[in-house]
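Visitor: One file: entry.txt (compact mmCIF, C-alpha atoms).
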```
# COMPACT_ATOMS: atom_id res chain seq x y z
CA MET O 1 36.75 -100.21 32.35
CA LYS O 2 34.69 -101.06 35.44
CA LYS O 3 34.61 -97.37 36.39
CA LEU O 4 33.35 -96.38 32.91
CA LEU O 5 30.66 -99.09 33.00
CA LEU O 6 29.52 -98.00 36.50
CA GLY O 7 29.30 -94.34 35.41
CA ALA O 8 27.18 -95.22 32.39
CA ILE O 9 24.77 -97.17 34.59
CA VAL O 10 24.40 -94.23 37.00
CA VAL O 11 23.73 -91.74 34.17
CA ALA O 12 21.09 -94.06 32.66
CA ALA O 13 19.41 -94.48 36.04
CA LEU O 14 19.25 -90.72 36.57
CA ASP O 15 17.74 -90.20 33.10
CA PHE O 16 15.04 -92.74 33.88
CA ALA O 17 14.26 -91.39 37.37
CA GLY O 18 13.92 -87.73 36.23
CA PRO O 19 10.65 -88.02 34.26
CA ALA O 20 9.18 -90.36 36.84
CA SER O 21 9.84 -87.86 39.62
CA ALA O 22 8.18 -85.08 37.62
CA ALA O 23 5.14 -87.27 37.07
CA ASP O 24 4.89 -87.91 40.82
CA LEU O 25 4.54 -84.19 41.61
CA ALA O 26 1.03 -83.06 42.76
CA ALA O 27 -1.14 -81.37 40.10
CA ARG O 28 -1.50 -77.59 40.38
CA PRO O 29 -4.84 -76.76 42.03
CA HIS O 30 -7.53 -75.15 39.80
CA THR O 31 -9.52 -72.22 41.25
CA LYS O 32 -13.00 -71.48 39.83
CA ALA O 33 -13.85 -67.91 38.88
CA PRO O 34 -16.35 -66.27 41.25
CA PRO O 35 -19.96 -66.38 39.98
CA ILE O 36 -21.30 -63.29 38.21
CA PRO O 37 -23.70 -61.50 40.60
CA VAL O 38 -27.38 -61.43 39.61
CA ALA O 39 -29.43 -58.37 40.57
CA ALA O 40 -33.15 -58.84 41.24
CA VAL O 41 -35.19 -56.19 39.41
CA TYR O 42 -38.79 -55.51 40.46
CA ASP O 43 -41.27 -55.48 37.56
CA TRP O 44 -44.47 -53.43 37.98
CA THR O 45 -46.22 -54.91 34.93
CA GLY O 46 -49.49 -56.77 35.52
CA PHE O 47 -53.06 -56.63 36.80
CA TYR O 48 -53.51 -55.72 40.45
CA ILE O 49 -56.26 -55.52 43.03
CA GLY O 50 -56.15 -53.92 46.43
CA ALA O 51 -57.77 -52.15 49.37
CA ASN O 52 -57.47 -48.64 50.75
CA GLY O 53 -58.52 -46.61 53.75
CA GLY O 54 -57.94 -43.15 55.13
CA TRP O 55 -59.41 -39.70 55.61
CA GLY O 56 -61.25 -37.19 53.46
CA SER O 57 -62.48 -33.60 53.59
CA SER O 58 -65.02 -31.97 51.29
CA HIS O 59 -65.19 -28.16 51.24
CA LYS O 60 -68.71 -26.96 50.37
CA CYS O 61 -70.01 -23.43 49.88
CA TRP O 62 -73.74 -22.64 49.64
CA ASP O 63 -75.24 -19.69 47.72
CA PHE O 64 -78.96 -18.98 48.01
CA THR O 65 -80.37 -18.56 44.48
CA THR O 66 -83.59 -18.18 42.58
CA PRO O 67 -85.00 -21.40 41.05
CA ALA O 68 -83.32 -20.29 37.79
CA GLY O 69 -79.95 -20.26 39.55
CA VAL O 70 -79.51 -16.49 39.92
CA PHE O 71 -77.38 -15.56 42.96
CA VAL O 72 -79.23 -13.91 45.84
CA ALA O 73 -77.15 -14.34 49.02
CA ASP O 74 -74.07 -16.05 50.40
CA GLU O 75 -74.94 -18.69 53.00
CA GLY O 76 -71.36 -19.63 53.96
CA CYS O 77 -69.12 -22.70 53.75
CA HIS O 78 -68.24 -25.77 55.77
CA ASP O 79 -65.92 -28.78 55.62
CA ALA O 80 -67.45 -32.25 55.60
CA THR O 81 -64.82 -34.61 57.02
CA GLY O 82 -64.55 -38.27 57.96
CA ALA O 83 -63.26 -41.72 57.11
CA VAL O 84 -63.11 -43.45 53.73
CA ALA O 85 -62.49 -47.10 52.84
CA GLY O 86 -62.72 -49.17 49.69
CA GLY O 87 -60.84 -50.94 46.95
CA GLN O 88 -59.12 -50.49 43.62
CA ILE O 89 -58.32 -52.56 40.55
CA GLY O 90 -56.02 -51.70 37.69
CA TYR O 91 -53.32 -52.63 35.22
CA ARG O 92 -49.76 -51.34 34.84
CA TRP O 93 -47.07 -51.89 32.26
CA GLN O 94 -43.42 -50.94 32.61
CA ALA O 95 -41.05 -49.69 29.89
CA SER O 96 -37.52 -49.18 31.20
CA ASN O 97 -38.04 -47.11 34.38
CA TRP O 98 -41.36 -45.62 33.22
CA VAL O 99 -44.62 -47.15 34.45
CA PHE O 100 -48.02 -46.52 32.82
CA GLY O 101 -51.36 -47.61 34.20
CA VAL O 102 -55.14 -47.34 34.42
CA GLU O 103 -57.20 -47.78 37.58
CA ALA O 104 -60.77 -47.81 38.90
CA GLN O 105 -61.39 -47.10 42.59
CA GLY O 106 -64.60 -47.20 44.63
CA ASP O 107 -64.92 -46.13 48.28
CA TRP O 108 -67.51 -45.92 51.01
CA ALA O 109 -67.30 -42.55 52.77
CA ASP O 110 -68.64 -40.80 55.84
CA LEU O 111 -67.79 -37.15 55.18
CA LYS O 112 -70.17 -34.97 57.22
CA GLY O 113 -70.29 -31.27 58.05
CA SER O 114 -72.53 -28.25 58.55
CA ASN O 115 -72.65 -24.50 59.10
CA THR O 116 -75.22 -21.96 60.23
CA SER O 117 -76.55 -20.07 57.23
CA LEU O 118 -75.10 -16.54 57.00
CA ALA O 119 -78.21 -15.30 55.23
CA PHE O 120 -80.85 -17.21 57.21
CA ALA O 121 -79.52 -17.68 60.75
CA PRO O 122 -82.40 -19.87 62.02
CA PHE O 123 -81.22 -22.63 59.70
CA VAL O 124 -78.18 -24.94 59.51
CA ASN O 125 -76.97 -26.22 56.12
CA ALA O 126 -75.66 -29.80 56.33
CA SER O 127 -74.05 -32.15 53.83
CA ARG O 128 -72.70 -35.65 53.60
CA ILE O 129 -70.74 -37.71 51.04
CA ASP O 130 -71.68 -41.39 51.22
CA ALA O 131 -69.39 -42.74 48.50
CA PHE O 132 -67.07 -41.76 45.67
CA GLY O 133 -65.36 -43.31 42.66
CA LEU O 134 -62.22 -42.53 40.66
CA PHE O 135 -61.40 -43.57 37.09
CA THR O 136 -57.83 -42.51 36.34
CA GLY O 137 -54.73 -42.99 34.25
CA GLN O 138 -51.27 -43.17 35.85
CA LEU O 139 -47.74 -42.15 34.93
CA GLY O 140 -44.90 -43.20 37.20
CA TYR O 141 -41.15 -43.64 37.50
CA ALA O 142 -39.66 -46.67 39.22
CA TRP O 143 -36.39 -47.25 41.01
CA ASN O 144 -36.53 -51.04 41.21
CA ASN O 145 -39.21 -51.73 43.88
CA VAL O 146 -39.93 -48.04 44.61
CA LEU O 147 -42.53 -46.27 42.45
CA VAL O 148 -43.52 -42.60 42.41
CA TYR O 149 -46.55 -41.74 40.26
CA VAL O 150 -49.09 -39.09 39.34
CA LYS O 151 -52.65 -39.76 38.23
CA GLY O 152 -55.62 -37.97 36.72
CA GLY O 153 -59.08 -38.62 35.35
CA ALA O 154 -62.75 -38.58 36.33
CA ALA O 155 -64.39 -38.58 39.75
CA VAL O 156 -67.94 -39.14 40.97
CA THR O 157 -69.45 -38.48 44.41
CA ALA O 158 -72.73 -39.47 46.06
CA ASP O 159 -73.94 -36.40 48.00
CA ARG O 160 -76.77 -35.73 50.43
CA PHE O 161 -77.94 -32.30 51.60
CA HIS O 162 -80.46 -31.17 54.20
CA VAL O 163 -81.41 -28.10 56.22
CA ASP O 164 -82.06 -28.23 59.97
CA THR O 165 -83.29 -25.65 62.43
CA THR O 166 -80.69 -23.92 64.57
CA VAL O 167 -82.70 -24.60 67.73
CA GLY O 168 -83.35 -28.27 68.40
CA GLY O 169 -81.80 -29.53 65.16
CA VAL O 170 -85.21 -30.29 63.67
CA LEU O 171 -85.21 -31.31 59.99
CA ALA O 172 -86.58 -28.43 57.91
CA ALA O 173 -85.88 -29.46 54.30
CA THR O 174 -84.19 -32.13 52.22
CA ALA O 175 -82.94 -32.54 48.66
CA SER O 176 -82.78 -35.53 46.34
CA ASN O 177 -79.56 -37.50 46.46
CA ASP O 178 -77.02 -35.84 44.18
CA THR O 179 -74.67 -37.90 42.00
CA ARG O 180 -72.02 -35.41 40.96
CA TRP O 181 -69.25 -35.86 38.35
CA GLY O 182 -65.97 -33.98 38.18
CA GLY O 183 -62.23 -34.37 37.71
CA ALA O 184 -59.45 -35.82 39.86
CA VAL O 185 -55.68 -35.43 40.14
CA GLY O 186 -53.37 -37.17 42.57
CA ALA O 187 -49.92 -38.47 43.41
CA GLY O 188 -48.58 -41.48 45.27
CA PHE O 189 -45.54 -43.27 46.62
CA GLU O 190 -45.56 -47.09 46.39
CA PHE O 191 -43.12 -49.68 47.76
CA GLY O 192 -42.90 -53.34 46.71
CA PHE O 193 -42.16 -55.29 49.88
CA ALA O 194 -42.68 -58.89 48.73
CA PRO O 195 -43.25 -60.79 45.46
CA GLY O 196 -46.53 -59.42 44.11
CA TRP O 197 -47.26 -57.22 47.15
CA SER O 198 -46.89 -53.47 47.46
CA ALA O 199 -48.01 -50.71 49.84
CA ALA O 200 -48.64 -47.07 49.01
CA VAL O 201 -49.64 -43.68 50.36
CA GLU O 202 -51.72 -41.53 48.00
CA TYR O 203 -53.19 -38.01 47.91
CA ASP O 204 -56.07 -37.06 45.60
CA HIS O 205 -57.91 -33.81 44.93
CA LEU O 206 -61.37 -33.90 43.36
CA PHE O 207 -62.71 -30.92 41.42
CA MET O 208 -66.48 -31.32 41.54
CA GLN O 209 -68.83 -29.21 39.42
CA ASP O 210 -71.22 -26.65 40.92
CA ARG O 211 -74.83 -27.76 41.12
CA VAL O 212 -78.11 -25.93 41.83
CA ILE O 213 -79.98 -28.06 44.39
CA THR O 214 -83.71 -27.80 45.04
CA PHE O 215 -84.93 -28.33 48.63
CA THR O 216 -88.42 -29.32 49.73
CA ASP O 217 -89.84 -29.19 53.23
CA THR O 218 -91.15 -32.17 55.17
CA THR O 219 -94.54 -31.91 53.41
CA GLY O 220 -92.93 -32.02 49.96
CA ALA O 221 -93.52 -28.32 49.23
CA PHE O 222 -90.84 -26.11 47.66
CA PHE O 223 -88.45 -24.67 50.29
CA ALA O 224 -85.40 -23.10 48.57
CA THR O 225 -82.71 -23.50 45.93
CA ASP O 226 -78.97 -23.29 46.56
CA ARG O 227 -75.94 -23.42 44.30
CA ILE O 228 -73.50 -25.72 46.12
CA ARG O 229 -69.83 -25.71 45.19
CA GLN O 230 -67.54 -28.46 46.43
CA ASP O 231 -64.15 -30.07 46.13
CA VAL O 232 -62.69 -33.04 47.98
CA ASP O 233 -59.26 -33.88 49.41
CA LEU O 234 -58.33 -37.50 50.16
CA VAL O 235 -55.35 -39.12 51.88
CA THR O 236 -55.31 -42.92 51.81
CA ALA O 237 -53.05 -45.84 52.64
CA ARG O 238 -53.23 -48.63 50.07
CA ILE O 239 -52.13 -52.23 49.70
CA ASN O 240 -52.07 -54.03 46.34
CA TYR O 241 -51.51 -57.56 45.10
CA ARG O 242 -50.27 -57.86 41.53
CA PHE O 243 -50.84 -60.89 39.32
CA GLY O 244 -47.68 -61.47 37.28
CA GLY O 245 -43.94 -62.01 37.60
CA PRO O 246 -42.73 -59.68 40.33
CA VAL O 247 -38.98 -60.10 39.87
CA VAL O 248 -36.76 -60.26 36.76
CA ALA O 249 -33.12 -61.37 36.90
CA LYS O 250 -30.69 -58.85 35.46
CA TYR O 251 -27.02 -59.67 34.85
```
Could you write out this structure as structure tokens?
Guide:
Amino acid sequence: MKKLLLGAIVVAALDFAGPASAADLAARPHTKAPPIPVAAVYDWTGFYIGANGGWGSSHKCWDFTTPAGVFVADEGCHDATGAVAGGQIGYRWQASNWVFGVEAQGDWADLKGSNTSLAFAPFVNASRIDAFGLFTGQLGYAWNNVLVYVKGGAAVTADRFHVDTTVGGVLAATASNDTRWGGAVGAGFEFGFAPGWSAAVEYDHLFMQDRVITFTDTTGAFFATDRIRQDVDLVTARINYRFGGPVVAKY
């Protein structure tokens, strides 16, 4: 009887201790799932303003004509080269990877050149571009903060022309300042390097219309007329600051 009573007590004790022991076990650790990565996407939308500087070359060919513009003789060509510097302002909007924009640019220029006249050797034909402006639309394609674009629109140049003597470089004749309108095409590569900031390299070609220019001598008397053809090539480095959200989170 004592043995049966002792066995029952032991079994009861074991039944009681079992759940308690399970409760005393340490809880299974919980591991958090790694966070979903967030990619920063550059957004080119917004107004921007910037500065540019570089080099330009204007190819000019002179034809001696009658006052009515009838060709008489070829006087030759020259390249007017030098530095350019100025600024630009514009607006861009982005749709998927495509970027559209409009821009106005104005630059000071110092493009100078000359050649001895082929038809009238005692004289040197000289030209200078003092300034130019571009009014263009843009179409680009963006890979995040890298943008490649083309542009096209209107161009205007401020030209000066004069004729000097071959010997001594004495001024022989001048013409009124010529404001000349034409077309422009270009292409650029732009890189966003900080929120709102981007840097670019751009090439532009300006197709400027032919103009018949009247020259007068130092007394104001008629000297000659020339049809002057010109185009302009520009290579500039640019920096822009854009007003607007530069980065968009993309999951």
Visitor: When you count all atoms listed in the file, which of these residues is closest to Arg227 (chain O): O:Trp62, O:Trp143, O:Phe189, O:Tyr48?
Guide: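 Closest to Arg227 (chain O) of all the choices is O:Trp62.
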Visitor: Can you list, as a PyMOL selection string, every protein, DNA or RNA residue that comes within 7 Å of Ala119 (chain O) when you count all atoms listed in the file, leaving out same-chain residues fewer than 3 positions away?
Guide: chain O and resi 73-75
Visitor: May I have the protein, DNA and RNA residues with an atom at most 7 Å from (-72.6, -37.2, 42.2), counting all atoms listed in the file in the file's coordinates, returned as a list of chain:residue names?
Guide: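 Applying the cut-off with all atoms listed in the file, one gets O:Val156, O:Thr157, O:Ala158, O:Asp159, O:Asp178, O:Thr179, O:Arg180, O:Trp181.
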Visitor: Let me make sure I understand: among O:Phe222, O:Trp55, O:Tyr42, O:Phe123, which one has the smallest atom-to-atom distance to Leu171 (chain O) if we use all atoms listed in the file?
Guide: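 The shortest atom-to-atom distance to Leu171 (chain O) comes from O:Phe123.
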Visitor: From the list O:Asn115, O:Thr166, O:Ser96, O:Ser58, which residue is nearest Arg229 (chain O) when using all atoms listed in the file?
Guide: O:Ser58
Visitor: From the list O:Leu206, O:Ile213, O:Ala221, O:Val235, which residue is nearest Ala68 (chain O) when using only C-alpha atoms?
Guide: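 Of O:Leu206, O:Ile213, O:Ala221, O:Val235, the one nearest Ala68 (chain O) is O:Ile213, counting only C-alpha atoms.
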Visitor: Excluding Met208 (chain O) and any residue of its chain fewer than 3 positions from it, enumerate the residues within 6 Å of it, using all atoms listed in the file, and give them as a ChimeraX atom specification.
Guide: /O:182,230-231
Visitor: Using all atoms listed in the file, pick whichever of O:Ala51, O:Ala83, O:Ala154, O:Cys77 has the shortest atom-to-atom distance to Gln209 (chain O).
Guide: O:Ala154
Visitor: I'd like a table as CSV: residues in region 111-199 of chain O with an atom no more than 12 Å from region 100-103 of chain O, each row giving the shortest atom pair and its distance in Å to one decimal, all atoms listed in the file counted, sorted by chain and rising residue number.
Guide:
```
residue,atom,partner,partner_atom,distance
O:Gly133,CA,O:Glu103,CA,10.6
O:Leu134,CA,O:Glu103,CA,7.9
O:Phe135,CA,O:Glu103,CA,6.0
O:Thr136,CA,O:Glu103,CA,5.5
O:Gly137,CA,O:Val102,CA,4.4
O:Gln138,CA,O:Gly101,CA,4.7
O:Leu139,CA,O:Phe100,CA,4.9
O:Gly140,CA,O:Phe100,CA,6.3
O:Tyr141,CA,O:Phe100,CA,8.8
O:Ala142,CA,O:Phe100,CA,10.5
O:Leu147,CA,O:Phe100,CA,11.1
O:Val148,CA,O:Phe100,CA,11.3
O:Tyr149,CA,O:Phe100,CA,9.0
O:Val150,CA,O:Phe100,CA,9.9
O:Lys151,CA,O:Val102,CA,8.8
O:Gly152,CA,O:Val102,CA,9.7
O:Gly153,CA,O:Glu103,CA,9.6
O:Ala154,CA,O:Glu103,CA,10.8
O:Ala155,CA,O:Glu103,CA,11.9
```
Visitor: Please determine, counting only C-alpha atoms, which residue among O:Val167, O:Val72, O:Val146, O:Ile239 has the shortest atom-to-atom distance to Val99 (chain O).
Guide: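 Ranking O:Val167, O:Val72, O:Val146, O:Ile239 by distance to Val99 (chain O), first place goes to O:Val146.
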Visitor: What is the distance, in Å and to one decimal place, between CA of Val84 (chain O) and CA of Glu190 (chain O)?
Guide: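 Going from CA of Val84 (chain O) over to CA of Glu190 (chain O), I get 19.4 Å.
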Visitor: Between CA of Ala200 (chain O) and CA of Asp79 (chain O), what is the distance in Å, rounded to a tenth?
Guide: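 Separation between CA of Ala200 (chain O) and CA of Asp79 (chain O): 26.0 Å.
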Visitor: If we count all atoms listed in the file, what is near Phe243 (chain O) at a cut-off of 12 Å, once residues fewer than 2 positions away on the same chain are taken out, given as a ChimeraX atom specification?
Guide: /O:43-50,89-92,195-198,240-241,245-247
Visitor: Provide the CA of Ala184 (chain O) to CA of Phe215 (chain O) distance in Å, to one decimal place.
Guide: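 So the two atoms, CA of Ala184 (chain O) and CA of Phe215 (chain O), lie 28.0 Å apart.
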